[in-house]
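**Q** Input: one structure, supplied below.
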Amino acid sequence: MIAPFLQALRQPEYVHVLLNPLPVYGLAVSIIGLVIALCQRSRPAEVAMLALIVFCGVIAWPVGHYGEEAYDRALSLSDEQGQAWLKVHAQRADQFIFYFYALALIALAAILAPRKWPQSALGLTSITLVLAFVVLAMGGYIGYAGGRIRHREFRREPAPVPPVAQDEH
């Protein structure tokens, strides 16, 4: 029972599918929690949500890594439309992944800086919240293309013209 699961964990496409919702879903939950924490003026709750935002930003690295590792296999398993969506998905991920890392750094600063400069807490937390909304939208944009690679039922419009440089994967 556990052996097939452990074997699946050796496949980058499987690991990518397991991990890819974490940055987006985690950010959505974090944003809701951070808004509540700010409204209640609860610094411990803010720190908990900021820590979750750090996690969501950092977990984008293995998501991207395993996505790149799975690219060729996913390309070979996809139909023509799916291949076009895969190329767009990969291009968007490459374009926006660094914003997840920047968000993680800013959230970490919002946790640590107020220890030395307490007045910075509200400003840094607010900046983190705004950036989290922006990065959540970027994650949705990346995921929009990703969801259409193997799911024909979600393809309501023709596949976009894939970027030329993306064929190098």
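Every chain in the structure tokens takes a letter, A first, then B, and so on in the order presented; its residues are numbered from 1, and the ligands are numbered from 1 following the presented order.
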At a cut-off of 8 Å, using only C-alpha atoms, what residues contact A:Val135? Leave out same-chain residues fewer than 5 positions from it and give the result as a list in words.
**A**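 Close residues of A:Val135: Tyr99, Phe100 and Leu103 of chain A.
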**Q** Using only C-alpha atoms, tabulate the residues of stretch 92-140 of chain A lying at most 7 Å from any atom of stretch 40-57 of chain A, each with its closest atom pair and that distance in Å to one decimal, by chain and increasing residue number, as a Markdown table.
**A**
| residue | atom | partner | partner_atom | distance |
| --- | --- | --- | --- | --- |
| A:Phe100 | CA | A:Gly57 | CA | 4.4 |
| A:Tyr101 | CA | A:Gly57 | CA | 5.2 |
| A:Leu103 | CA | A:Gly57 | CA | 6.1 |
| A:Ala104 | CA | A:Val54 | CA | 4.1 |
| A:Ala107 | CA | A:Leu50 | CA | 5.4 |
| A:Leu108 | CA | A:Val54 | CA | 6.3 |
| A:Ile111 | CA | A:Val47 | CA | 5.9 |
**Q** Go through A:Leu86, A:Ile2, A:Val130, A:Val58 one by one, measure the shortest atom-to-atom distance of each to A:Tyr144 using only C-alpha atoms, and give the residue with the smallest value.
**A**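 Checking each candidate against A:Tyr144, we get A:Leu86 as the closest.
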**Q** Could you jot down the atom CA of A:Ala109 to atom CA of A:Ser126 separation for me, Å, one decimal place?
**A** 11.9 Å
**Q** Can you tell me which residues surround stretch 68-71 of chain A at a distance of at most 12 Å, considering only C-alpha atoms, apart from same-chain residues fewer than 4 positions away, and format the answer as number ranges by chain?
**A** A: 10-17, 61-64, 75-78, 82-83, 85-91, 93-94, 146, 149, 166-169
**Q** Could you tell me which of A:Gly67, A:Pro4, A:Phe96, A:Ala37 comes closest to A:Ala137 if we count only C-alpha atoms?
**A** A:Phe96
**Q** Please determine, counting only C-alpha atoms, which residue among A:Leu18, A:Ala110, A:Leu129, A:Leu124 has the shortest atom-to-atom distance to A:Phe5.
**A**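 Ranked by minimum distance to A:Phe5, first place goes to A:Leu18.
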**Q** Could you check how far atom CA of A:Gly26 sits from atom CA of A:Ala132, in Å to one decimal?
**A**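 Taking atom CA of A:Gly26 as the start and atom CA of A:Ala132 as the end point, the length is 10.5 Å.
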